[in-house]
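Asker: To be precise about what I am sending: the file is called protein-v6.cif and holds mmCIF, C-alpha atoms.
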data_structure
#
loop_
_atom_site.label_atom_id
_atom_site.label_comp_id
_atom_site.auth_asym_id
_atom_site.auth_seq_id
_atom_site.Cartn_x
_atom_site.Cartn_y
_atom_site.Cartn_z
CA MET A 1008 -89.26 -69.87 -57.88
CA SER A 1009 -92.62 -70.76 -56.34
CA ALA A 1010 -94.32 -68.56 -53.78
CA LEU A 1011 -94.41 -71.47 -51.33
CA SER A 1012 -90.65 -71.93 -51.44
CA LYS A 1013 -90.20 -68.25 -50.57
CA LEU A 1014 -92.40 -68.46 -47.49
CA ASN A 1015 -90.98 -68.59 -43.99
CA LYS A 1016 -91.48 -72.24 -43.03
CA GLU A 1017 -91.69 -71.20 -39.38
CA MET A 1018 -94.76 -69.04 -39.93
CA PRO A 1019 -97.54 -69.93 -37.48
CA ILE A 1020 -100.46 -71.72 -39.12
CA LEU A 1021 -103.81 -72.45 -37.47
CA ILE A 1022 -105.74 -75.58 -38.52
CA VAL A 1023 -109.41 -75.50 -37.53
CA ASP A 1024 -111.60 -78.61 -37.74
CA ASP A 1025 -113.86 -80.39 -35.26
CA PHE A 1026 -112.74 -83.73 -36.67
CA SER A 1027 -109.34 -84.68 -35.27
CA THR A 1028 -108.47 -86.97 -38.19
CA MET A 1029 -108.90 -84.07 -40.59
CA ARG A 1030 -106.68 -81.81 -38.48
CA ARG A 1031 -104.06 -84.52 -38.47
CA ILE A 1032 -104.27 -84.94 -42.25
CA VAL A 1033 -103.97 -81.21 -42.95
CA LYS A 1034 -101.13 -81.01 -40.44
CA ASN A 1035 -99.27 -83.82 -42.21
CA CYS A 1036 -99.79 -82.17 -45.59
CA LEU A 1037 -98.40 -78.90 -44.31
CA LYS A 1038 -95.45 -80.71 -42.75
CA GLN A 1039 -94.75 -82.30 -46.12
CA LEU A 1040 -94.69 -78.81 -47.59
CA GLY A 1041 -92.06 -77.91 -44.99
CA PHE A 1042 -94.14 -75.99 -42.45
CA SER A 1043 -93.46 -76.80 -38.82
CA ASN A 1044 -95.16 -74.16 -36.66
CA LEU A 1045 -98.61 -75.73 -36.72
CA HIS A 1046 -101.45 -75.09 -34.27
CA GLU A 1047 -104.89 -76.66 -33.95
CA ALA A 1048 -108.38 -75.66 -32.82
CA ALA A 1049 -111.38 -78.01 -32.58
CA ASP A 1050 -114.03 -75.44 -33.52
CA GLY A 1051 -114.53 -71.87 -34.67
CA GLN A 1052 -114.93 -70.46 -31.18
CA LEU A 1053 -111.69 -72.01 -29.91
CA ALA A 1054 -109.97 -70.81 -33.06
CA TRP A 1055 -111.23 -67.26 -32.51
CA GLU A 1056 -109.86 -67.32 -28.95
CA LYS A 1057 -106.48 -68.55 -30.20
CA ILE A 1058 -106.36 -65.92 -32.93
CA GLN A 1059 -106.75 -63.21 -30.31
CA GLU A 1060 -104.03 -64.70 -28.11
CA GLN A 1061 -101.45 -65.41 -30.78
CA GLU A 1062 -100.44 -64.13 -34.18
CA PHE A 1063 -101.13 -66.41 -37.15
CA ALA A 1064 -99.89 -66.06 -40.71
CA PHE A 1065 -102.36 -68.48 -42.25
CA ILE A 1066 -105.66 -70.11 -41.27
CA VAL A 1067 -107.01 -73.37 -42.72
CA SER A 1068 -110.57 -73.96 -41.58
CA ASP A 1069 -113.45 -76.39 -41.98
CA TRP A 1070 -116.95 -74.98 -42.54
CA ASN A 1071 -119.22 -77.25 -40.49
CA MET A 1072 -118.27 -77.09 -36.82
CA PRO A 1073 -120.06 -76.80 -33.49
CA ASN A 1074 -120.08 -73.54 -31.48
CA LYS A 1075 -118.84 -71.36 -34.33
CA MET A 1076 -118.99 -72.33 -38.00
CA GLY A 1077 -116.04 -71.74 -40.31
CA ILE A 1078 -117.95 -69.06 -42.23
CA ASP A 1079 -118.62 -67.17 -38.99
CA LEU A 1080 -114.97 -67.45 -38.01
CA LEU A 1081 -114.04 -66.04 -41.42
CA ARG A 1082 -116.45 -63.12 -40.93
CA ASP A 1083 -115.00 -62.43 -37.47
CA VAL A 1084 -111.46 -62.49 -38.84
CA ARG A 1085 -112.29 -60.23 -41.78
CA GLY A 1086 -114.27 -57.94 -39.54
CA ASP A 1087 -111.38 -57.22 -37.20
CA ALA A 1088 -108.72 -54.80 -38.41
CA ARG A 1089 -106.02 -56.71 -36.52
CA PHE A 1090 -106.63 -59.96 -38.40
CA LYS A 1091 -108.34 -59.08 -41.65
CA GLU A 1092 -105.19 -59.57 -43.76
CA ILE A 1093 -104.58 -63.16 -42.60
CA PRO A 1094 -104.94 -65.56 -45.55
CA PHE A 1095 -107.91 -67.83 -44.90
CA LEU A 1096 -108.36 -71.17 -46.70
CA MET A 1097 -111.68 -72.96 -46.35
CA VAL A 1098 -111.41 -76.77 -46.59
CA THR A 1099 -114.91 -78.16 -46.56
CA ALA A 1100 -117.44 -80.73 -47.71
CA GLU A 1101 -119.88 -77.90 -48.45
CA ALA A 1102 -119.80 -78.03 -52.21
CA GLN A 1103 -122.92 -76.01 -53.03
CA LYS A 1104 -122.51 -72.96 -55.19
CA GLU A 1105 -124.24 -70.83 -52.52
CA ASN A 1106 -121.61 -71.83 -49.95
CA ILE A 1107 -118.75 -70.93 -52.22
CA LEU A 1108 -120.35 -67.60 -53.07
CA GLU A 1109 -121.04 -66.92 -49.40
CA ALA A 1110 -117.42 -67.64 -48.52
CA ALA A 1111 -116.16 -65.48 -51.38
CA LYS A 1112 -118.41 -62.65 -50.25
CA ALA A 1113 -117.06 -63.01 -46.71
CA GLY A 1114 -113.52 -62.66 -48.02
CA VAL A 1115 -112.15 -66.21 -48.16
CA SER A 1116 -108.71 -66.45 -49.77
CA ASN A 1117 -109.40 -69.79 -51.42
CA TYR A 1118 -111.70 -72.79 -51.14
CA ILE A 1119 -111.01 -76.54 -51.17
CA ILE A 1120 -113.76 -79.14 -51.40
CA LYS A 1121 -113.19 -82.40 -49.56
CA PRO A 1122 -111.94 -84.94 -50.35
CA PHE A 1123 -108.77 -83.18 -51.41
CA THR A 1124 -105.23 -84.12 -52.34
CA ALA A 1125 -101.90 -82.79 -51.06
CA ASP A 1126 -101.24 -81.40 -54.53
CA LEU A 1127 -104.46 -79.40 -54.43
CA LEU A 1128 -103.61 -77.96 -51.01
CA SER A 1129 -100.19 -76.99 -52.30
CA GLU A 1130 -101.72 -75.46 -55.45
CA LYS A 1131 -104.23 -73.37 -53.46
CA MET A 1132 -101.56 -72.17 -51.06
CA GLU A 1133 -99.39 -71.22 -54.00
CA ALA A 1134 -102.29 -69.18 -55.43
CA ILE A 1135 -102.94 -67.50 -52.08
CA PHE A 1136 -99.36 -66.53 -51.39
CA LYS A 1137 -98.30 -65.73 -54.96
CA ASN A 1138 -99.27 -62.08 -54.69
CA ARG A 1139 -98.21 -61.71 -51.09
CA VAL A 1140 -94.55 -62.70 -51.29
CA GLN A 1141 -93.68 -60.76 -54.45
CA MET B 347 -171.99 -75.15 -51.42
CA SER B 348 -170.07 -73.12 -53.95
CA ASP B 349 -166.40 -73.89 -54.66
CA LEU B 350 -165.36 -70.64 -52.99
CA SER B 351 -167.28 -71.20 -49.78
CA GLU B 352 -166.04 -74.83 -49.65
CA LYS B 353 -162.49 -73.53 -49.97
CA ASN B 354 -163.06 -71.01 -47.18
CA THR B 355 -164.55 -73.69 -44.94
CA THR B 356 -161.55 -75.97 -45.54
CA GLU B 357 -159.11 -73.13 -44.91
CA LYS B 358 -160.87 -72.33 -41.64
CA ALA B 359 -160.80 -76.00 -40.63
CA VAL B 360 -157.07 -76.20 -41.40
CA GLN B 361 -156.45 -73.01 -39.42
CA ASP B 362 -158.44 -74.46 -36.50
CA LEU B 363 -156.30 -77.60 -36.66
CA LEU B 364 -153.09 -75.57 -36.64
CA ASP B 365 -154.34 -73.54 -33.67
CA ALA B 366 -155.32 -76.75 -31.87
CA LEU B 367 -151.90 -78.30 -32.57
CA GLY B 368 -150.28 -75.17 -31.21
CA SER B 369 -152.34 -75.35 -28.04
CA GLY B 370 -151.55 -79.03 -27.50
CA ASP B 371 -155.16 -79.60 -26.43
CA GLN B 372 -155.98 -83.18 -27.56
CA LYS B 373 -159.76 -82.60 -27.52
CA ARG B 374 -159.43 -79.54 -29.75
CA ILE B 375 -157.08 -81.44 -32.05
CA HIS B 376 -159.52 -84.32 -32.46
CA LYS B 377 -162.41 -81.94 -33.04
CA ALA B 378 -160.41 -80.09 -35.70
CA LEU B 379 -159.42 -83.36 -37.35
CA GLU B 380 -163.02 -84.51 -37.41
CA ALA B 381 -164.02 -81.22 -38.98
CA LEU B 382 -161.58 -81.98 -41.75
CA GLY B 383 -163.01 -85.47 -42.10
CA LEU B 384 -159.83 -87.07 -40.81
CA GLU B 385 -160.88 -89.50 -38.14
CA ALA B 386 -158.84 -92.11 -36.37
CA ASN B 387 -160.31 -94.88 -38.47
CA SER B 388 -159.79 -93.02 -41.72
CA GLY B 389 -157.79 -94.42 -44.62
CA LEU B 390 -155.12 -91.81 -44.00
CA TYR B 391 -154.56 -93.05 -40.46
CA HIS B 392 -154.11 -96.61 -41.70
CA ARG B 393 -151.82 -95.49 -44.50
CA VAL B 394 -149.59 -93.58 -42.06
CA GLY B 395 -149.62 -96.61 -39.77
CA GLU B 396 -148.48 -98.82 -42.63
CA MET B 397 -145.72 -96.35 -43.48
CA ALA B 398 -144.50 -96.29 -39.87
CA ARG B 399 -144.46 -100.07 -39.72
CA SER B 400 -142.76 -100.38 -43.09
CA LEU B 401 -140.08 -97.85 -42.08
CA HIS B 402 -139.52 -99.63 -38.81
CA ASP B 403 -139.19 -103.02 -40.53
CA SER B 404 -136.77 -101.51 -43.04
CA LEU B 405 -134.67 -100.17 -40.19
CA LYS B 406 -134.62 -103.59 -38.57
CA ASP B 407 -133.59 -105.25 -41.85
CA PHE B 408 -130.88 -102.64 -42.29
CA GLN B 409 -129.66 -103.32 -38.79
CA LYS B 410 -129.42 -107.04 -39.52
CA SER B 411 -127.51 -106.45 -42.73
CA LEU B 412 -124.73 -104.47 -41.06
CA SER B 413 -121.39 -106.23 -40.62
CA PRO B 414 -122.27 -109.29 -38.52
CA GLY B 415 -118.63 -110.41 -38.49
CA SER B 416 -117.30 -107.38 -36.66
CA VAL B 417 -115.85 -108.16 -33.26
CA THR B 418 -116.90 -104.78 -31.86
CA MET B 419 -120.46 -105.11 -33.04
CA HIS B 420 -120.75 -108.69 -31.87
CA SER B 421 -119.58 -107.85 -28.37
CA THR B 422 -121.94 -104.93 -27.92
CA ASN B 423 -125.70 -104.99 -27.74
CA LEU B 424 -126.52 -102.14 -30.01
CA PRO B 425 -130.17 -101.26 -29.60
CA ASP B 426 -131.15 -99.98 -33.02
CA ALA B 427 -130.05 -99.10 -36.52
CA THR B 428 -129.07 -95.59 -35.44
CA SER B 429 -126.68 -96.99 -32.87
CA LYS B 430 -125.31 -99.34 -35.49
CA LEU B 431 -124.60 -96.41 -37.76
CA GLU B 432 -122.94 -94.53 -34.93
CA ALA B 433 -120.82 -97.63 -34.33
CA VAL B 434 -119.86 -97.61 -38.03
CA ILE B 435 -118.72 -93.99 -37.67
CA ASP B 436 -116.73 -94.90 -34.58
CA MET B 437 -115.12 -97.94 -36.17
CA THR B 438 -114.14 -96.13 -39.37
CA PHE B 439 -112.79 -93.28 -37.23
CA GLN B 440 -110.63 -95.73 -35.26
CA ALA B 441 -109.49 -97.39 -38.49
CA ALA B 442 -108.59 -94.03 -40.03
CA GLU B 443 -106.65 -93.05 -36.89
CA THR B 444 -104.74 -96.34 -37.01
CA VAL B 445 -103.88 -95.83 -40.67
CA LEU B 446 -102.71 -92.30 -39.88
CA SER B 447 -100.51 -93.50 -37.02
CA MET B 448 -98.97 -96.25 -39.12
CA SER B 449 -98.48 -93.86 -42.00
CA GLU B 450 -96.76 -91.30 -39.77
CA GLN B 451 -94.45 -93.99 -38.36
CA GLU B 452 -93.71 -95.23 -41.86
CA ASP B 453 -92.87 -91.70 -42.94
CA GLU B 454 -90.40 -91.36 -40.08
CA SER B 455 -88.74 -94.66 -41.06
CA LEU B 456 -88.47 -93.54 -44.68
CA LYS B 457 -86.89 -90.25 -43.66
CA LYS B 458 -84.45 -92.12 -41.43
CA ALA B 459 -83.51 -94.43 -44.30
CA GLU B 460 -83.07 -91.41 -46.57
CA ARG B 461 -80.74 -89.73 -44.05
CA ALA B 462 -78.69 -92.95 -43.73
CA LEU B 463 -78.39 -93.21 -47.50
CA GLU B 464 -77.24 -89.59 -47.77
CA ASN B 465 -74.65 -90.16 -45.03
CA ILE B 466 -73.15 -93.11 -46.91
CA LYS B 467 -73.13 -91.08 -50.13
CA THR B 468 -71.26 -88.23 -48.41
CA LYS B 469 -68.70 -90.67 -47.00
CA MET B 470 -68.25 -92.40 -50.36
CA ASP B 471 -67.79 -89.07 -52.15
CA GLY B 472 -65.19 -88.02 -49.59
CA GLU B 473 -63.13 -91.18 -50.01
CA PRO B 474 -60.89 -90.93 -53.14
CA THR B 475 -59.35 -94.40 -52.76
CA ILE B 476 -62.55 -96.29 -53.54
CA PRO B 477 -62.18 -98.16 -56.86
CA LYS B 478 -64.15 -96.72 -59.77
CA LYS B 479 -66.06 -99.96 -60.36
CA LEU B 480 -67.26 -99.98 -56.75
CA ARG B 481 -68.10 -96.26 -56.84
CA ASP B 482 -70.15 -96.70 -60.04
CA ALA B 483 -72.00 -99.63 -58.49
CA PHE B 484 -72.76 -97.57 -55.40
CA ASN B 485 -73.94 -94.59 -57.45
CA SER B 486 -76.36 -96.84 -59.34
CA PHE B 487 -77.57 -98.27 -56.04
CA TYR B 488 -77.92 -94.75 -54.56
CA THR B 489 -79.94 -93.48 -57.52
CA GLU B 490 -82.27 -96.47 -57.47
CA GLU B 491 -82.76 -96.38 -53.68
CA LYS B 492 -83.40 -92.64 -53.75
CA ARG B 493 -86.07 -93.18 -56.40
CA CYS B 494 -87.66 -95.99 -54.35
CA LEU B 495 -87.70 -93.90 -51.18
CA GLU B 496 -89.34 -90.98 -52.99
CA HIS B 497 -91.96 -93.33 -54.42
CA CYS B 498 -92.66 -94.83 -50.96
CA LYS B 499 -92.96 -91.36 -49.41
CA ASP B 500 -95.34 -90.31 -52.16
CA CYS B 501 -97.50 -93.44 -51.70
CA ASN B 502 -97.47 -92.96 -47.95
CA GLN B 503 -98.67 -89.39 -48.34
CA LYS B 504 -101.50 -90.55 -50.60
CA ILE B 505 -102.55 -93.19 -48.06
CA LEU B 506 -102.59 -90.53 -45.36
CA ILE B 507 -104.59 -88.00 -47.38
CA SER B 508 -107.08 -90.60 -48.54
CA GLN B 509 -108.26 -90.97 -44.95
CA ASN B 510 -110.22 -87.78 -45.34
CA PHE B 511 -113.00 -90.00 -46.76
CA GLN B 512 -113.79 -90.79 -43.12
CA ASP B 513 -114.87 -87.23 -42.41
CA LEU B 514 -117.17 -87.21 -45.43
CA SER B 515 -118.68 -90.63 -44.79
CA GLY B 516 -119.15 -89.74 -41.11
CA GLN B 517 -120.97 -86.52 -42.02
CA SER B 518 -123.19 -88.35 -44.52
CA ILE B 519 -124.07 -91.08 -42.03
CA LYS B 520 -124.89 -88.48 -39.37
CA LYS B 521 -127.28 -86.79 -41.82
CA VAL B 522 -128.95 -90.16 -42.56
CA ILE B 523 -129.27 -90.89 -38.83
CA LYS B 524 -130.92 -87.51 -38.27
CA LEU B 525 -133.25 -87.92 -41.23
CA VAL B 526 -134.35 -91.46 -40.33
CA THR B 527 -134.87 -90.58 -36.67
CA GLU B 528 -136.93 -87.52 -37.53
CA LEU B 529 -138.97 -89.42 -40.09
CA GLU B 530 -139.85 -92.20 -37.69
CA GLU B 531 -140.62 -89.77 -34.88
CA ASN B 532 -142.82 -87.69 -37.14
CA LEU B 533 -144.76 -90.72 -38.32
CA ILE B 534 -145.33 -91.80 -34.74
CA ASN B 535 -146.44 -88.28 -33.85
CA LEU B 536 -148.86 -88.29 -36.74
CA LEU B 537 -150.32 -91.54 -35.49
CA LYS B 538 -150.62 -90.09 -32.01
CA LEU B 539 -152.63 -87.21 -33.43
CA PHE B 540 -154.97 -89.44 -35.40
CA GLY B 541 -155.29 -92.30 -32.97
CA ASP B 542 -157.75 -92.06 -30.11
CA GLU B 543 -157.06 -95.55 -28.86
CA GLU B 544 -154.18 -95.27 -26.44
CA THR B 545 -153.22 -98.86 -27.06
CA GLN B 546 -152.64 -98.17 -30.73
CA VAL B 547 -150.20 -95.41 -29.88
CA THR B 548 -148.45 -97.47 -27.23
CA GLU B 549 -148.06 -100.38 -29.57
CA LEU B 550 -146.65 -98.26 -32.37
CA SER B 551 -144.40 -96.23 -30.11
CA SER B 552 -142.95 -99.41 -28.69
CA LEU B 553 -141.86 -100.41 -32.18
CA THR B 554 -139.15 -97.79 -32.05
CA GLU B 555 -137.80 -99.15 -28.82
CA GLU B 556 -137.50 -102.76 -29.93
CA THR B 557 -134.14 -104.38 -30.33
CA SER B 558 -133.39 -107.21 -32.68
CA GLY B 559 -131.05 -109.05 -30.32
CA ASP B 560 -127.36 -109.74 -30.59
CA ALA B 561 -125.51 -109.45 -33.86
CA LEU B 562 -124.17 -112.69 -35.23
CA GLY B 563 -120.54 -113.69 -35.16
CA GLN B 564 -118.75 -115.20 -38.15
CA ASP B 565 -119.23 -118.74 -36.81
CA ASP B 566 -122.99 -118.21 -36.43
CA ALA B 567 -123.22 -116.81 -39.93
CA ASP B 568 -121.22 -119.74 -41.32
CA GLN B 569 -123.50 -122.18 -39.56
CA ILE B 570 -126.65 -120.56 -40.94
CA LEU B 571 -125.23 -120.59 -44.44
CA LYS B 572 -124.25 -124.21 -44.00
CA ASN B 573 -127.78 -125.07 -42.88
CA LEU B 574 -129.10 -123.33 -45.97
CA GLY B 575 -126.88 -125.46 -48.16
CA PHE B 576 -124.26 -122.81 -48.98
#
What is this structure when it is put down as C-alpha cells?

Answerer:
Amino acid sequence: MSALSKLNKEMPILIVDDFSTMRRIVKNCLKQLGFSNLHEAADGQLAWEKIQEQEFAFIVSDWNMPNKMGIDLLRDVRGDARFKEIPFLMVTAEAQKENILEAAKAGVSNYIIKPFTADLLSEKMEAIFKNRVQ
Amino acid sequence: MSDLSEKNTTEKAVQDLLDALGSGDQKRIHKALEALGLEANSGLYHRVGEMARSLHDSLKDFQKSLSPGSVTMHSTNLPDATSKLEAVIDMTFQAAETVLSMSEQEDESLKKAERALENIKTKMDGEPTIPKKLRDAFNSFYTEEKRCLEHCKDCNQKILISQNFQDLSGQSIKKVIKLVTELEENLINLLKLFGDEETQVTELSSLTEETSGDALGQDDADQILKNLGF
C-alpha cells in the first residue's frame, strides 16, 4: 500500500506561489490525488502569517516570490520548533545546482523543477511521506 | 615613461573617473574622461552611439514582428517592445486561465458522467430479471465507457498541468524585459557621460520614447502582402 493512500485526505495543505495559475494547477493536482483541505498564499510572507495562524500538515512552495522568497519561508519554518517537522516541497523554476543544494541545506523535504507532471508530484509526495506514515 | 609609471597614471585616472562619477559632478567627469583620452568625439563615443541606435532599431523591429493579428494588441497603442512583451505575458496568462477553467469544468462533467454510469451499473446488477444477452451487452458497454472516461480524465489532467509553461515563459520574458531595459538605459547613460553636446543626448534619449504607431490588423497585413504579390 502506498504512503499516499494511507494519508488523511483531509490534512491541511498550504500552496504558496505568487502566480495564481500555478497555485490553481498544484491545487488541481492535489485534488486529483484525493486531498481536499487546500489553502493558498500568494507569497512567502503571507504564507508565514498563515502558518502561524493555522496548523498545516504539508507545504508546497515556489522559490521566486515577492516579499519573502520560498527559501526564506523554508528557513523560517525549519527555524521554528512549532513548525520544523512540517514536510516542505519546493516547486520551482530554479534549476541551478546551487539552488538545490541551498534548499537541501535549509531542510527541504523534496524539490520539483518546473515544468512538472502530476505523476512527478505524486512520486515526490510518496517519497516525502513514505517514512512518516510507517 | 616606464610601463610601471604609465600603469600607475592610468590607474589614478580611472580612480579619478570613478570618484567623479560618484560625485555626479559633470565637470569633474569630463575632466577625468579627458585625462583618460576619452573625449566626446572619440571613436568609443561613436561606437557606443552606434550600439545604442542598433539596439533601439532592433527593439523596434522586434515590436513590429509581434503578433499583428491579435485583437488585443491591435486595439491598444502599446508604446514599446517592453509593453508588447508585457502584453504577451498578460495574454498567455489569460489564455492559461481560460484553459484551466475549461479543464476544471470538463473534469466535473466527466465525474458526473462516471457517477451516472456507476448508478446504472448498480441498478443493472440489482435487477435479476434482465436477460443475459442484454446484461452482457451492458457490461461490455460499461467496461468500454469506463475506459474512455478514465482516458478523458487523464488527458484533461495533462492539459491542465501543461499550463505551467505559462509561469516559466512569463518569468523568462520578464528577465528579457529587465535585461533589455537596463542595457538600453546603460547605453544612453554612457552617451550622456561622453557627450558634451546636450542635443546629442536629447536626440538619443528621445529614441527610447518613440513609438512605432498602431499594430496592424489581419486585414492590413493581408493587404500589404497582396500589394507585395503574395

Asker: Just need the residues of chain A within 10 Å of chain B, counting all atoms listed in the file, so spit them out as a list in words.

Answerer: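 Here is what falls inside 10 Å: Asp1025, Phe1026, Ser1027, Thr1028, Met1029, Arg1030, Arg1031, Ile1032, Val1033, Asn1035, Cys1036, Gln1039, Asn1071, Thr1099, Ala1100, Lys1121, Pro1122, Phe1123, Thr1124, Ala1125 and Asp1126 of chain A.
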
Asker: May I ask which of the residues A:Lys1104, A:Arg1082, A:Arg1089, A:Lys1034 is the closest one to Gln1061 (chain A), counting only C-alpha atoms?

Answerer: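 For Gln1061 (chain A), the nearest of the candidates is A:Arg1089.
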
Asker: Kindly indicate which residue among A:Arg1085, A:Lys1131, A:Lys1057, A:Lys1137 lies nearest to Ala1110 (chain A), using all atoms listed in the file for the distances.

Answerer: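 Of the candidates, the smallest distance to Ala1110 (chain A) is held by A:Arg1085.
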
Asker: Have a look at CA of Asp1083 (chain A) and CA of Phe1095 (chain A) and let me know their distance in Å, one decimal.

Answerer: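 Spanning CA of Asp1083 (chain A) to CA of Phe1095 (chain A) is a straight-line distance of 11.6 Å.
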
Asker: Taking the file as I've supplied it (selection: the PyMOL selection byres ((chain A and resi 1051) around 6)), which residues are included? Please answer as a PDB file with C-alpha atoms, in the coordinates of the input.

Answerer:
ATOM      1  CA  ASP A1050    -114.030 -75.440 -33.520  1.00  0.00           C
ATOM      2  CA  GLN A1052    -114.930 -70.460 -31.180  1.00  0.00           C
ATOM      3  CA  LEU A1053    -111.690 -72.010 -29.910  1.00  0.00           C
ATOM      4  CA  ALA A1054    -109.970 -70.810 -33.060  1.00  0.00           C
ATOM      5  CA  LYS A1075    -118.840 -71.360 -34.330  1.00  0.00           C
ATOM      6  CA  MET A1076    -118.990 -72.330 -38.000  1.00  0.00           C
ATOM      7  CA  GLY A1077    -116.040 -71.740 -40.310  1.00  0.00           C
ATOM      8  CA  LEU A1080    -114.970 -67.450 -38.010  1.00  0.00           C
TER       9      LEU A1080
END

Asker: For Tyr1118 (chain A), find every residue with an atom within 8 Å (counting all atoms listed in the file), except residues of its own chain fewer than 2 positions away, and show them as an MDAnalysis selection string.

Answerer: chainID A and resid 1096:1099 1107 1115:1116 1120 1131

Asker: One decimal, Å: what's the distance from CA of Thr428 (chain B) over to CA of Thr527 (chain B), could you say?

Answerer: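 Calculated distance between CA of Thr428 (chain B) and CA of Thr527 (chain B) is 7.8 Å.
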
Asker: Give as a PyMOL selection string the set of residues within 7 Å of the point (-94.5, -69.8, -54.5), where distances use the file's coordinates and all atoms listed in the file.

Answerer: chain A and resi 1008-1013+1133+1136-1137

Asker: Write the selection just made, keeping C-alpha atoms, as an mmCIF file, keeping the file's coordinate frame?

Answerer:
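Generated file (selection_11.cif):
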data_model
loop_
_atom_site.group_PDB
_atom_site.id
_atom_site.type_symbol
_atom_site.label_atom_id
_atom_site.label_comp_id
_atom_site.auth_asym_id
_atom_site.auth_seq_id
_atom_site.Cartn_x
_atom_site.Cartn_y
_atom_site.Cartn_z
ATOM 1 C CA MET A 1008 -89.260 -69.870 -57.880
ATOM 2 C CA SER A 1009 -92.620 -70.760 -56.340
ATOM 3 C CA ALA A 1010 -94.320 -68.560 -53.780
ATOM 4 C CA LEU A 1011 -94.410 -71.470 -51.330
ATOM 5 C CA SER A 1012 -90.650 -71.930 -51.440
ATOM 6 C CA LYS A 1013 -90.200 -68.250 -50.570
ATOM 7 C CA GLU A 1133 -99.390 -71.220 -54.000
ATOM 8 C CA PHE A 1136 -99.360 -66.530 -51.390
ATOM 9 C CA LYS A 1137 -98.300 -65.730 -54.960
#

Asker: Write out as a PDB file with C-alpha atoms, in the coordinates of the input which residues come within 12 Å of Glu452 (chain B) when counting all atoms listed in the file, dropping same-chain ones fewer than 2 positions away.

Answerer:
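Contents of out-v2.pdb, as written:
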ATOM      1  CA  VAL B 445    -103.880 -95.830 -40.670  1.00  0.00           C
ATOM      2  CA  LEU B 446    -102.710 -92.300 -39.880  1.00  0.00           C
ATOM      3  CA  SER B 447    -100.510 -93.500 -37.020  1.00  0.00           C
ATOM      4  CA  MET B 448     -98.970 -96.250 -39.120  1.00  0.00           C
ATOM      5  CA  SER B 449     -98.480 -93.860 -42.000  1.00  0.00           C
ATOM      6  CA  GLU B 450     -96.760 -91.300 -39.770  1.00  0.00           C
ATOM      7  CA  GLU B 454     -90.400 -91.360 -40.080  1.00  0.00           C
ATOM      8  CA  SER B 455     -88.740 -94.660 -41.060  1.00  0.00           C
ATOM      9  CA  LEU B 456     -88.470 -93.540 -44.680  1.00  0.00           C
ATOM     10  CA  LYS B 457     -86.890 -90.250 -43.660  1.00  0.00           C
ATOM     11  CA  LYS B 458     -84.450 -92.120 -41.430  1.00  0.00           C
ATOM     12  CA  ALA B 459     -83.510 -94.430 -44.300  1.00  0.00           C
ATOM     13  CA  LEU B 495     -87.700 -93.900 -51.180  1.00  0.00           C
ATOM     14  CA  CYS B 498     -92.660 -94.830 -50.960  1.00  0.00           C
ATOM     15  CA  LYS B 499     -92.960 -91.360 -49.410  1.00  0.00           C
ATOM     16  CA  ASP B 500     -95.340 -90.310 -52.160  1.00  0.00           C
ATOM     17  CA  CYS B 501     -97.500 -93.440 -51.700  1.00  0.00           C
ATOM     18  CA  ASN B 502     -97.470 -92.960 -47.950  1.00  0.00           C
ATOM     19  CA  GLN B 503     -98.670 -89.390 -48.340  1.00  0.00           C
ATOM     20  CA  ILE B 505    -102.550 -93.190 -48.060  1.00  0.00           C
ATOM     21  CA  LEU B 506    -102.590 -90.530 -45.360  1.00  0.00           C
TER      22      LEU B 506
END

Asker: Near Ala378 (chain B), within 8 Å and counting only C-alpha atoms, which residues show up once chain neighbours fewer than 4 positions away are dropped, as a list in words?

Answerer: Ala359, Val360, Asp362, Leu363, Ala366, Arg374 and Leu382 of chain B

Asker: So which residues touch Ile1020 (chain A) within 7 Å, counting all atoms listed in the file, skipping near sequence neighbours fewer than 5 positions away, as a compact mmCIF listing (two decimals) with C-alpha atoms, keeping the file's coordinate frame?

Answerer:
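New file around-v9.txt:
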# COMPACT_ATOMS: atom_id res chain seq x y z
CA ASN A 1044 -95.16 -74.16 -36.66
CA LEU A 1045 -98.61 -75.73 -36.72
CA HIS A 1046 -101.45 -75.09 -34.27
CA PHE A 1063 -101.13 -66.41 -37.15
CA ALA A 1064 -99.89 -66.06 -40.71
CA PHE A 1065 -102.36 -68.48 -42.25
CA ILE A 1066 -105.66 -70.11 -41.27

Asker: So how far away is CA of Ile1119 (chain A) from CA of Ala1102 (chain A), in Å?

Answerer: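 Atom-to-atom, CA of Ala1102 (chain A) and CA of Ile1119 (chain A) are spaced 9.0 Å apart.
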
Asker: Can you work out which one of A:Glu1092, A:Asp1024, A:Glu1017, A:Glu1101 has the shortest atom-to-atom distance to Glu1047 (chain A), counting all atoms listed in the file?

Answerer: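 Ranking A:Glu1092, A:Asp1024, A:Glu1017, A:Glu1101 by distance to Glu1047 (chain A), first place goes to A:Asp1024.
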